[in-house]
>>> print(open('work33.cif').read())   # mmCIF, C-alpha atoms, pLDDT in the B column; chains and numbers go by the auth columns
data_start
loop_
_atom_site.group_PDB
_atom_site.id
_atom_site.type_symbol
_atom_site.label_atom_id
_atom_site.label_comp_id
_atom_site.label_asym_id
_atom_site.label_seq_id
_atom_site.Cartn_x
_atom_site.Cartn_y
_atom_site.Cartn_z
_atom_site.B_iso_or_equiv
_atom_site.auth_seq_id
_atom_site.auth_asym_id
ATOM 1 C CA MET A 1 0.000 0.000 0.000 49.00 1 Q
ATOM 2 C CA SER A 2 2.778 2.427 0.830 51.00 2 Q
ATOM 3 C CA LYS A 3 4.279 1.903 -2.640 53.00 3 Q
ATOM 4 C CA VAL A 4 0.973 2.782 -4.274 48.00 4 Q
ATOM 5 C CA ALA A 5 0.561 5.831 -2.043 50.00 5 Q
ATOM 6 C CA ALA A 6 4.105 6.908 -2.848 49.00 6 Q
ATOM 7 C CA LEU A 7 3.472 6.414 -6.561 47.00 7 Q
ATOM 8 C CA VAL A 8 0.266 8.422 -6.463 46.00 8 Q
ATOM 9 C CA THR A 9 1.891 11.164 -4.389 48.00 9 Q
ATOM 10 C CA ALA A 10 4.890 11.297 -6.697 47.00 10 Q
ATOM 11 C CA SER A 11 2.591 11.461 -9.707 48.00 11 Q
ATOM 12 C CA MET A 12 0.619 14.292 -8.200 45.00 12 Q
ATOM 13 C CA LEU A 13 3.762 16.205 -7.300 41.00 13 Q
ATOM 14 C CA THR A 14 5.211 15.797 -10.741 42.00 14 Q
ATOM 15 C CA LEU A 15 1.971 16.889 -12.356 42.00 15 Q
ATOM 16 C CA SER A 16 2.920 20.354 -11.207 40.00 16 Q
ATOM 17 C CA SER A 17 6.013 20.132 -13.395 41.00 17 Q
ATOM 18 C CA GLY A 18 3.705 20.512 -16.389 42.00 18 Q
ATOM 19 C CA VAL A 19 2.634 23.843 -14.957 38.00 19 Q
ATOM 20 C CA VAL A 20 6.272 24.825 -14.490 39.00 20 Q
ATOM 21 C CA LEU A 21 6.982 23.847 -18.092 39.00 21 Q
ATOM 22 C CA ALA A 22 4.045 25.922 -19.279 40.00 22 Q
ATOM 23 C CA ASP A 23 5.323 28.905 -17.295 41.00 23 Q
ATOM 24 C CA THR A 24 8.823 28.544 -18.734 40.00 24 Q
ATOM 25 C CA ALA A 25 7.763 30.308 -21.924 36.00 25 Q
ATOM 26 C CA ASN A 26 7.217 33.441 -19.866 36.00 26 Q
ATOM 27 C CA VAL A 27 10.581 33.052 -18.193 35.00 27 Q
ATOM 28 C CA MET A 28 13.049 33.040 -21.054 36.00 28 Q
ATOM 29 C CA PRO A 29 14.803 36.268 -20.002 34.00 29 Q
ATOM 30 C CA VAL A 30 16.504 34.313 -17.242 35.00 30 Q
ATOM 31 C CA ALA A 31 19.032 37.015 -16.498 35.00 31 Q
ATOM 32 C CA PRO A 32 16.790 40.082 -16.522 34.00 32 Q
ATOM 33 C CA ALA A 33 18.170 43.560 -16.776 36.00 33 Q
ATOM 34 C CA ALA A 34 17.281 46.024 -14.040 35.00 34 Q
ATOM 35 C CA HIS A 35 14.685 47.596 -16.321 35.00 35 Q
ATOM 36 C CA ASP A 36 12.874 44.282 -16.834 37.00 36 Q
ATOM 37 C CA THR A 37 10.111 44.815 -14.290 35.00 37 Q
ATOM 38 C CA ASN A 38 8.063 41.897 -15.590 38.00 38 Q
ATOM 39 C CA MET A 39 10.676 39.421 -14.349 36.00 39 Q
ATOM 40 C CA LEU A 40 11.352 41.365 -11.181 35.00 40 Q
ATOM 41 C CA ASP A 41 7.652 41.335 -10.332 39.00 41 Q
ATOM 42 C CA LYS A 42 7.606 37.514 -10.526 41.00 42 Q
ATOM 43 C CA PRO A 43 10.763 36.278 -8.775 40.00 43 Q
ATOM 44 C CA GLN A 44 9.256 32.833 -8.177 42.00 44 Q
ATOM 45 C CA GLU A 45 9.224 32.247 -11.929 43.00 45 Q
ATOM 46 C CA ARG A 46 12.917 32.968 -12.399 42.00 46 Q
ATOM 47 C CA ASN A 47 14.082 29.575 -11.173 51.00 47 Q
ATOM 48 C CA THR A 48 14.259 27.688 -14.463 72.00 48 Q
ATOM 49 C CA MET A 49 16.525 25.220 -16.161 76.00 49 Q
ATOM 50 C CA PHE A 50 18.333 28.137 -17.794 81.00 50 Q
ATOM 51 C CA ASP A 51 18.665 30.278 -14.669 80.00 51 Q
ATOM 52 C CA GLY A 52 21.905 32.236 -14.777 81.00 52 Q
ATOM 53 C CA VAL A 53 22.533 31.653 -18.494 87.00 53 Q
ATOM 54 C CA ASN A 54 22.486 34.793 -20.602 89.00 54 Q
ATOM 55 C CA LEU A 55 20.462 34.033 -23.700 91.00 55 Q
ATOM 56 C CA THR A 56 20.550 35.949 -26.939 92.00 56 Q
ATOM 57 C CA GLU A 57 17.317 37.394 -28.243 94.00 57 Q
ATOM 58 C CA GLN A 58 17.336 34.789 -31.026 94.00 58 Q
ATOM 59 C CA GLN A 59 17.696 31.975 -28.461 92.00 59 Q
ATOM 60 C CA ARG A 60 14.870 33.424 -26.371 92.00 60 Q
ATOM 61 C CA GLN A 61 12.622 33.552 -29.413 94.00 61 Q
ATOM 62 C CA GLN A 62 13.495 30.003 -30.452 93.00 62 Q
ATOM 63 C CA MET A 63 12.769 28.783 -26.923 92.00 63 Q
ATOM 64 C CA ARG A 64 9.478 30.651 -26.824 93.00 64 Q
ATOM 65 C CA ASP A 65 8.572 29.008 -30.133 93.00 65 Q
ATOM 66 C CA LEU A 66 9.475 25.578 -28.739 91.00 66 Q
ATOM 67 C CA MET A 67 7.373 26.215 -25.629 90.00 67 Q
ATOM 68 C CA HIS A 68 4.451 27.401 -27.698 90.00 68 Q
ATOM 69 C CA GLN A 69 4.598 24.195 -29.709 87.00 69 Q
ATOM 70 C CA ALA A 70 5.064 22.133 -26.533 85.00 70 Q
ATOM 71 C CA ARG A 71 1.846 23.529 -25.094 85.00 71 Q
ATOM 72 C CA LYS A 72 0.040 22.101 -28.096 83.00 72 Q
ATOM 73 C CA ASP A 73 1.871 18.753 -28.114 79.00 73 Q
ATOM 74 C CA LEU A 74 2.232 18.037 -24.389 79.00 74 Q
ATOM 75 C CA PRO A 75 -0.200 15.370 -23.227 77.00 75 Q
ATOM 76 C CA HIS A 76 -2.716 17.094 -21.004 79.00 76 Q
ATOM 77 C CA ILE A 77 -3.519 16.070 -17.465 83.00 77 Q
ATOM 78 C CA ASN A 78 -6.504 13.785 -17.577 87.00 78 Q
ATOM 79 C CA VAL A 79 -8.886 15.236 -14.994 92.00 79 Q
ATOM 80 C CA ASP A 80 -11.123 12.184 -15.306 92.00 80 Q
ATOM 81 C CA GLN A 81 -8.258 10.006 -14.066 92.00 81 Q
ATOM 82 C CA LEU A 82 -7.825 12.265 -11.032 93.00 82 Q
ATOM 83 C CA GLU A 83 -11.546 12.028 -10.344 96.00 83 Q
ATOM 84 C CA VAL A 84 -11.470 8.231 -10.548 95.00 84 Q
ATOM 85 C CA MET A 85 -8.597 8.134 -8.058 95.00 85 Q
ATOM 86 C CA HIS A 86 -10.428 10.503 -5.738 96.00 86 Q
ATOM 87 C CA LYS A 87 -13.482 8.245 -5.779 96.00 87 Q
ATOM 88 C CA LEU A 88 -11.318 5.223 -5.019 96.00 88 Q
ATOM 89 C CA VAL A 89 -9.604 6.991 -2.131 96.00 89 Q
ATOM 90 C CA THR A 90 -12.872 8.226 -0.639 96.00 90 Q
ATOM 91 C CA ALA A 91 -14.802 4.979 -1.141 95.00 91 Q
ATOM 92 C CA GLU A 92 -16.412 3.253 1.831 95.00 92 Q
ATOM 93 C CA ASN A 93 -14.254 0.172 1.237 96.00 93 Q
ATOM 94 C CA PHE A 94 -10.689 0.357 -0.021 96.00 94 Q
ATOM 95 C CA ASP A 95 -10.066 -1.554 -3.268 96.00 95 Q
ATOM 96 C CA GLN A 96 -6.316 -2.018 -3.517 96.00 96 Q
ATOM 97 C CA LYS A 97 -6.432 -3.631 -6.968 97.00 97 Q
ATOM 98 C CA ALA A 98 -8.471 -0.772 -8.408 96.00 98 Q
ATOM 99 C CA VAL A 99 -6.235 1.851 -6.804 96.00 99 Q
ATOM 100 C CA ARG A 100 -3.125 0.091 -8.104 97.00 100 Q
ATOM 101 C CA ALA A 101 -4.559 -0.117 -11.616 96.00 101 Q
ATOM 102 C CA GLN A 102 -5.593 3.542 -11.541 96.00 102 Q
ATOM 103 C CA ALA A 103 -2.200 4.596 -10.161 96.00 103 Q
ATOM 104 C CA GLU A 104 -0.478 2.708 -12.968 96.00 104 Q
ATOM 105 C CA VAL A 105 -2.624 4.436 -15.603 94.00 105 Q
ATOM 106 C CA MET A 106 -1.878 7.825 -14.058 94.00 106 Q
ATOM 107 C CA ALA A 107 1.820 7.019 -13.739 94.00 107 Q
ATOM 108 C CA GLN A 108 2.055 6.053 -17.415 94.00 108 Q
ATOM 109 C CA GLU A 109 0.384 9.314 -18.415 92.00 109 Q
ATOM 110 C CA GLN A 110 2.895 11.186 -16.250 92.00 110 Q
ATOM 111 C CA VAL A 111 5.773 9.293 -17.859 93.00 111 Q
ATOM 112 C CA ASP A 112 4.470 10.341 -21.278 91.00 112 Q
ATOM 113 C CA ARG A 113 4.354 13.991 -20.160 90.00 113 Q
ATOM 114 C CA GLN A 114 7.858 13.822 -18.702 92.00 114 Q
ATOM 115 C CA VAL A 115 9.279 12.266 -21.865 92.00 115 Q
ATOM 116 C CA GLU A 116 7.757 15.064 -23.950 90.00 116 Q
ATOM 117 C CA MET A 117 9.038 17.718 -21.524 90.00 117 Q
ATOM 118 C CA ALA A 118 12.528 16.177 -21.652 93.00 118 Q
ATOM 119 C CA ARG A 119 12.417 16.226 -25.461 93.00 119 Q
ATOM 120 C CA ILE A 120 11.591 19.946 -25.450 92.00 120 Q
ATOM 121 C CA ARG A 121 14.268 20.708 -22.853 92.00 121 Q
ATOM 122 C CA ASN A 122 16.778 18.789 -24.971 95.00 122 Q
ATOM 123 C CA GLN A 123 15.885 20.912 -27.987 94.00 123 Q
ATOM 124 C CA MET A 124 16.289 24.039 -25.864 93.00 124 Q
ATOM 125 C CA PHE A 125 19.620 22.840 -24.496 94.00 125 Q
ATOM 126 C CA ASN A 126 20.865 22.241 -28.033 95.00 126 Q
ATOM 127 C CA LEU A 127 20.120 25.864 -28.916 94.00 127 Q
ATOM 128 C CA LEU A 128 22.852 26.933 -26.492 95.00 128 Q
ATOM 129 C CA SER A 129 26.432 27.720 -27.381 95.00 129 Q
ATOM 130 C CA PRO A 130 29.164 25.431 -25.999 95.00 130 Q
ATOM 131 C CA GLU A 131 29.994 28.054 -23.348 95.00 131 Q
ATOM 132 C CA GLN A 132 26.345 28.303 -22.288 94.00 132 Q
ATOM 133 C CA LYS A 133 26.069 24.511 -22.130 95.00 133 Q
ATOM 134 C CA ASN A 134 29.173 24.344 -19.976 95.00 134 Q
ATOM 135 C CA LEU A 135 27.795 26.996 -17.610 94.00 135 Q
ATOM 136 C CA LEU A 136 24.459 25.204 -17.420 93.00 136 Q
ATOM 137 C CA ASN A 137 26.191 21.914 -16.643 93.00 137 Q
ATOM 138 C CA GLN A 138 28.257 23.580 -13.915 93.00 138 Q
ATOM 139 C CA LYS A 139 25.139 25.056 -12.347 93.00 139 Q
ATOM 140 C CA HIS A 140 23.457 21.650 -12.530 92.00 140 Q
ATOM 141 C CA GLN A 141 26.380 20.059 -10.701 94.00 141 Q
ATOM 142 C CA GLN A 142 26.167 22.749 -8.009 93.00 142 Q
ATOM 143 C CA ARG A 143 22.439 22.087 -7.521 92.00 143 Q
ATOM 144 C CA MET A 144 23.063 18.333 -7.334 94.00 144 Q
ATOM 145 C CA GLN A 145 25.744 18.838 -4.676 95.00 145 Q
ATOM 146 C CA GLU A 146 23.411 21.104 -2.692 94.00 146 Q
ATOM 147 C CA MET A 147 20.644 18.507 -2.920 94.00 147 Q
ATOM 148 C CA GLN A 148 22.980 15.745 -1.788 93.00 148 Q
ATOM 149 C CA GLN A 149 24.045 17.860 1.178 92.00 149 Q
ATOM 150 C CA GLN A 150 20.420 18.544 2.080 92.00 150 Q
ATOM 151 C CA MET A 151 19.548 14.870 1.789 91.00 151 Q
ATOM 152 C CA ALA A 152 22.561 13.916 3.908 89.00 152 Q
ATOM 153 C CA GLY A 153 21.230 16.259 6.577 86.00 153 Q
ATOM 154 C CA LEU A 154 17.874 14.454 6.517 83.00 154 Q
ATOM 155 C CA ARG A 155 19.322 10.945 6.876 76.00 155 Q
ATOM 156 C CA PRO A 156 19.587 9.570 10.374 71.00 156 Q
ATOM 157 C CA THR A 157 23.131 9.186 11.623 63.00 157 Q
ATOM 158 C CA SER A 158 24.462 5.741 12.468 59.00 158 Q
ATOM 159 C CA ALA A 159 23.796 6.432 16.164 55.00 159 Q
ATOM 160 C CA GLN A 160 20.132 7.139 15.350 56.00 160 Q
ATOM 161 C CA LYS A 161 19.615 4.089 13.133 57.00 161 Q
ATOM 162 C CA PRO A 162 18.010 1.112 14.815 56.00 162 Q
ATOM 163 C CA SER A 163 20.356 -1.844 14.763 52.00 163 Q
ATOM 164 C CA SER A 164 18.841 -4.731 12.861 52.00 164 Q
ATOM 165 C CA MET A 165 21.959 -6.852 12.986 53.00 165 Q
ATOM 166 C CA SER A 166 23.222 -8.435 16.171 49.00 166 Q
ATOM 167 C CA THR A 167 26.942 -8.378 16.758 52.00 167 Q
ATOM 168 C CA GLN A 168 28.592 -11.570 17.872 49.00 168 Q
#
>>> encode(input="work33.cif", output="structure tokens")
Amino acid sequence: MSKVAALVTASMLTLSSGVVLADTANVMPVAPAAHDTNMLDKPQERNTMFDGVNLTEQQRQQMRDLMHQARKDLPHINVDQLEVMHKLVTAENFDQKAVRAQAEVMAQEQVDRQVEMARIRNQMFNLLSPEQKNLLNQKHQQRMQEMQQQMAGLRPTSAQKPSSMSTQ
């Protein structure tokens, strides 16, 4: 049951990534000038894949075009599937088989969305110059290190872990 709950929760959390992808088209000026009040008014939208990379106007336009096309091509969230899951969760009696089947359908739809989003991001990445790609890769490595440090802080230390093995 916990695996199904985790799968459903993960699916729901990643559904929001579609919203982030949709917002990315409005975020292309990732290094806004001081006069760019539109970006300064929405600081929460500045955290994108290309954060910190100075894009040329041509690159921005190409990325906007890709995002515009992605909005048309990206598989939409199936609200009916969410409704079915809600009914299963709120049912008088829990039907594990039905929930598992529904979770698998929803997970496959999410996989399809993520594959399409990755394809678009790959096209965007390939619009960058070698220097921009290098900078983006460096920033990615920094974020990964920060995440690993945060996760290390969340893990219990060896003194906190319950001992499951007896020493002889």
>>> axis_aligned_box(input="work33.cif", around="stretch 97-102 of chain Q", padding_each_side="3 Å", output="lines of an AutoDock Vina configuration file")
center_x = -5.8
center_y = 0.0
center_z = -9.2
size_x = 11.3
size_y = 13.2
size_z = 10.8
>>> atom_distance(input="work33.cif", atom1="atom CA of Q:Met117", atom2="atom CA of Q:Val79")
19.2 Å
>>> closest_residue(input="work33.cif", among="Q:Lys72, Q:Arg155, Q:Arg143, Q:Arg100", to="Q:Val84", atoms="all atoms listed in the file")
Q:Arg100
>>> resolve_selection(input="work33.cif", expression="the PyMOL selection byres ((chain Q and resi 74) around 9)", output="PyMOL selection string")
chain Q and resi 18+69-73+75-76+112-113+116-117
>>> resolve_selection(input="work33.cif", expression="the PyMOL selection byres ((chain Q and resi 85) around 10)", output="PDB file with C-alpha atoms, in the coordinates of the input")
ATOM      1  CA  VAL Q   8       0.266   8.422  -6.463  1.00 46.00           C
ATOM      2  CA  VAL Q  79      -8.886  15.236 -14.994  1.00 92.00           C
ATOM      3  CA  ASP Q  80     -11.123  12.184 -15.306  1.00 92.00           C
ATOM      4  CA  GLN Q  81      -8.258  10.006 -14.066  1.00 92.00           C
ATOM      5  CA  LEU Q  82      -7.825  12.265 -11.032  1.00 93.00           C
ATOM      6  CA  GLU Q  83     -11.546  12.028 -10.344  1.00 96.00           C
ATOM      7  CA  VAL Q  84     -11.470   8.231 -10.548  1.00 95.00           C
ATOM      8  CA  HIS Q  86     -10.428  10.503  -5.738  1.00 96.00           C
ATOM      9  CA  LYS Q  87     -13.482   8.245  -5.779  1.00 96.00           C
ATOM     10  CA  LEU Q  88     -11.318   5.223  -5.019  1.00 96.00           C
ATOM     11  CA  VAL Q  89      -9.604   6.991  -2.131  1.00 96.00           C
ATOM     12  CA  THR Q  90     -12.872   8.226  -0.639  1.00 96.00           C
ATOM     13  CA  ALA Q  91     -14.802   4.979  -1.141  1.00 95.00           C
ATOM     14  CA  ALA Q  98      -8.471  -0.772  -8.408  1.00 96.00           C
ATOM     15  CA  VAL Q  99      -6.235   1.851  -6.804  1.00 96.00           C
ATOM     16  CA  ARG Q 100      -3.125   0.091  -8.104  1.00 97.00           C
ATOM     17  CA  ALA Q 101      -4.559  -0.117 -11.616  1.00 96.00           C
ATOM     18  CA  GLN Q 102      -5.593   3.542 -11.541  1.00 96.00           C
ATOM     19  CA  ALA Q 103      -2.200   4.596 -10.161  1.00 96.00           C
ATOM     20  CA  MET Q 106      -1.878   7.825 -14.058  1.00 94.00           C
TER      21      MET Q 106
END
>>> resolve_selection(input="work33.cif", expression="the PyMOL selection byres ((chain Q and resi 132) around 12)", output="NGL selection string")
:Q and (49-56 or 59 or 124-131 or 133-139)
>>> atom_distance(input="work33.cif", atom1="atom CA of Q:Gln110", atom2="atom CA of Q:Met67")
18.3 Å
>>> closest_residue(input="work33.cif", among="Q:Gln108, Q:Thr48, Q:Gln145, Q:Gln62", to="Q:Gln123", atoms="only C-alpha atoms")
Q:Gln62
>>> closest_residue(input="work33.cif", among="Q:Met144, Q:Leu154, Q:Ile120, Q:Ile77", to="Q:Arg64", atoms="only C-alpha atoms")
Q:Ile120
>>> closest_residue(input="work33.cif", among="Q:Ala152, Q:Asn93, Q:His68, Q:Asn78", to="Q:Ala107", atoms="only C-alpha atoms")
Q:Asn78
>>> atom_distance(input="work33.cif", atom1="atom CA of Q:Val115", atom2="atom CA of Q:Leu66")
15.0 Å
>>> build_atoms(input="work33.cif", residues="stretch 107-118 of chain Q", atoms="all heavy atoms", output="PDB file, in the frame of the given file")
ATOM      1  N   ALA Q 107       0.362   6.976 -13.663  1.00 94.00           N
ATOM      2  CA  ALA Q 107       1.820   7.019 -13.739  1.00 94.00           C
ATOM      3  C   ALA Q 107       2.286   6.965 -15.185  1.00 94.00           C
ATOM      4  O   ALA Q 107       3.215   7.687 -15.570  1.00 94.00           O
ATOM      5  CB  ALA Q 107       2.418   5.869 -12.931  1.00 94.00           C
ATOM      6  N   GLN Q 108       1.663   6.140 -16.002  1.00 94.00           N
ATOM      7  CA  GLN Q 108       2.055   6.053 -17.415  1.00 94.00           C
ATOM      8  C   GLN Q 108       1.786   7.375 -18.133  1.00 94.00           C
ATOM      9  O   GLN Q 108       2.592   7.818 -18.950  1.00 94.00           O
ATOM     10  CB  GLN Q 108       1.333   4.912 -18.129  1.00 94.00           C
ATOM     11  CG  GLN Q 108       1.796   4.712 -19.551  1.00 94.00           C
ATOM     12  CD  GLN Q 108       3.296   4.478 -19.666  1.00 94.00           C
ATOM     13  OE1 GLN Q 108       3.849   3.631 -18.980  1.00 94.00           O
ATOM     14  NE2 GLN Q 108       3.953   5.248 -20.510  1.00 94.00           N
ATOM     15  N   GLU Q 109       0.667   8.011 -17.815  1.00 92.00           N
ATOM     16  CA  GLU Q 109       0.384   9.314 -18.415  1.00 92.00           C
ATOM     17  C   GLU Q 109       1.441  10.338 -17.992  1.00 92.00           C
ATOM     18  O   GLU Q 109       1.872  11.160 -18.797  1.00 92.00           O
ATOM     19  CB  GLU Q 109      -1.010   9.791 -18.020  1.00 92.00           C
ATOM     20  CG  GLU Q 109      -2.124   9.011 -18.693  1.00 92.00           C
ATOM     21  CD  GLU Q 109      -3.512   9.444 -18.259  1.00 92.00           C
ATOM     22  OE1 GLU Q 109      -3.648  10.280 -17.337  1.00 92.00           O
ATOM     23  OE2 GLU Q 109      -4.477   8.943 -18.852  1.00 92.00           O
ATOM     24  N   GLN Q 110       1.863  10.276 -16.732  1.00 92.00           N
ATOM     25  CA  GLN Q 110       2.895  11.186 -16.250  1.00 92.00           C
ATOM     26  C   GLN Q 110       4.229  10.906 -16.932  1.00 92.00           C
ATOM     27  O   GLN Q 110       4.959  11.829 -17.290  1.00 92.00           O
ATOM     28  CB  GLN Q 110       3.038  11.082 -14.732  1.00 92.00           C
ATOM     29  CG  GLN Q 110       4.108  11.989 -14.155  1.00 92.00           C
ATOM     30  CD  GLN Q 110       3.888  13.453 -14.454  1.00 92.00           C
ATOM     31  OE1 GLN Q 110       2.772  13.896 -14.731  1.00 92.00           O
ATOM     32  NE2 GLN Q 110       4.951  14.226 -14.420  1.00 92.00           N
ATOM     33  N   VAL Q 111       4.548   9.651 -17.145  1.00 93.00           N
ATOM     34  CA  VAL Q 111       5.773   9.293 -17.859  1.00 93.00           C
ATOM     35  C   VAL Q 111       5.737   9.888 -19.263  1.00 93.00           C
ATOM     36  O   VAL Q 111       6.725  10.476 -19.730  1.00 93.00           O
ATOM     37  CB  VAL Q 111       5.960   7.761 -17.907  1.00 93.00           C
ATOM     38  CG1 VAL Q 111       7.034   7.364 -18.918  1.00 93.00           C
ATOM     39  CG2 VAL Q 111       6.297   7.219 -16.529  1.00 93.00           C
ATOM     40  N   ASP Q 112       4.608   9.775 -19.931  1.00 91.00           N
ATOM     41  CA  ASP Q 112       4.470  10.341 -21.278  1.00 91.00           C
ATOM     42  C   ASP Q 112       4.703  11.851 -21.265  1.00 91.00           C
ATOM     43  O   ASP Q 112       5.387  12.385 -22.146  1.00 91.00           O
ATOM     44  CB  ASP Q 112       3.095  10.026 -21.859  1.00 91.00           C
ATOM     45  CG  ASP Q 112       2.873   8.538 -22.107  1.00 91.00           C
ATOM     46  OD1 ASP Q 112       3.865   7.770 -22.128  1.00 91.00           O
ATOM     47  OD2 ASP Q 112       1.693   8.141 -22.248  1.00 91.00           O
ATOM     48  N   ARG Q 113       4.144  12.543 -20.266  1.00 90.00           N
ATOM     49  CA  ARG Q 113       4.354  13.991 -20.160  1.00 90.00           C
ATOM     50  C   ARG Q 113       5.820  14.312 -19.907  1.00 90.00           C
ATOM     51  O   ARG Q 113       6.373  15.236 -20.502  1.00 90.00           O
ATOM     52  CB  ARG Q 113       3.481  14.589 -19.051  1.00 90.00           C
ATOM     53  CG  ARG Q 113       2.037  14.819 -19.453  1.00 90.00           C
ATOM     54  CD  ARG Q 113       1.266  15.598 -18.406  1.00 90.00           C
ATOM     55  NE  ARG Q 113       1.111  14.869 -17.170  1.00 90.00           N
ATOM     56  CZ  ARG Q 113       0.189  13.935 -16.942  1.00 90.00           C
ATOM     57  NH1 ARG Q 113      -0.669  13.621 -17.885  1.00 90.00           N
ATOM     58  NH2 ARG Q 113       0.117  13.328 -15.792  1.00 90.00           N
ATOM     59  N   GLN Q 114       6.457  13.554 -19.019  1.00 92.00           N
ATOM     60  CA  GLN Q 114       7.858  13.822 -18.702  1.00 92.00           C
ATOM     61  C   GLN Q 114       8.768  13.566 -19.897  1.00 92.00           C
ATOM     62  O   GLN Q 114       9.734  14.304 -20.108  1.00 92.00           O
ATOM     63  CB  GLN Q 114       8.301  12.998 -17.497  1.00 92.00           C
ATOM     64  CG  GLN Q 114       7.698  13.515 -16.203  1.00 92.00           C
ATOM     65  CD  GLN Q 114       8.189  12.741 -14.993  1.00 92.00           C
ATOM     66  OE1 GLN Q 114       8.664  11.608 -15.106  1.00 92.00           O
ATOM     67  NE2 GLN Q 114       8.075  13.357 -13.835  1.00 92.00           N
ATOM     68  N   VAL Q 115       8.480  12.540 -20.663  1.00 92.00           N
ATOM     69  CA  VAL Q 115       9.279  12.266 -21.865  1.00 92.00           C
ATOM     70  C   VAL Q 115       9.155  13.435 -22.840  1.00 92.00           C
ATOM     71  O   VAL Q 115      10.158  13.907 -23.400  1.00 92.00           O
ATOM     72  CB  VAL Q 115       8.857  10.937 -22.528  1.00 92.00           C
ATOM     73  CG1 VAL Q 115       9.450  10.791 -23.925  1.00 92.00           C
ATOM     74  CG2 VAL Q 115       9.253   9.754 -21.643  1.00 92.00           C
ATOM     75  N   GLU Q 116       7.949  13.934 -23.038  1.00 90.00           N
ATOM     76  CA  GLU Q 116       7.757  15.064 -23.950  1.00 90.00           C
ATOM     77  C   GLU Q 116       8.453  16.314 -23.419  1.00 90.00           C
ATOM     78  O   GLU Q 116       9.092  17.050 -24.180  1.00 90.00           O
ATOM     79  CB  GLU Q 116       6.263  15.327 -24.166  1.00 90.00           C
ATOM     80  CG  GLU Q 116       5.974  16.442 -25.144  1.00 90.00           C
ATOM     81  CD  GLU Q 116       6.489  16.202 -26.556  1.00 90.00           C
ATOM     82  OE1 GLU Q 116       6.795  15.053 -26.915  1.00 90.00           O
ATOM     83  OE2 GLU Q 116       6.592  17.190 -27.312  1.00 90.00           O
ATOM     84  N   MET Q 117       8.363  16.553 -22.113  1.00 90.00           N
ATOM     85  CA  MET Q 117       9.038  17.718 -21.524  1.00 90.00           C
ATOM     86  C   MET Q 117      10.551  17.595 -21.691  1.00 90.00           C
ATOM     87  O   MET Q 117      11.233  18.577 -21.991  1.00 90.00           O
ATOM     88  CB  MET Q 117       8.663  17.856 -20.054  1.00 90.00           C
ATOM     89  CG  MET Q 117       7.230  18.309 -19.874  1.00 90.00           C
ATOM     90  SD  MET Q 117       6.541  18.207 -18.202  1.00 90.00           S
ATOM     91  CE  MET Q 117       7.896  18.388 -17.123  1.00 90.00           C
ATOM     92  N   ALA Q 118      11.089  16.394 -21.498  1.00 93.00           N
ATOM     93  CA  ALA Q 118      12.528  16.177 -21.652  1.00 93.00           C
ATOM     94  C   ALA Q 118      12.954  16.416 -23.100  1.00 93.00           C
ATOM     95  O   ALA Q 118      14.025  16.977 -23.360  1.00 93.00           O
ATOM     96  CB  ALA Q 118      12.894  14.767 -21.204  1.00 93.00           C
TER      97      ALA Q 118
END
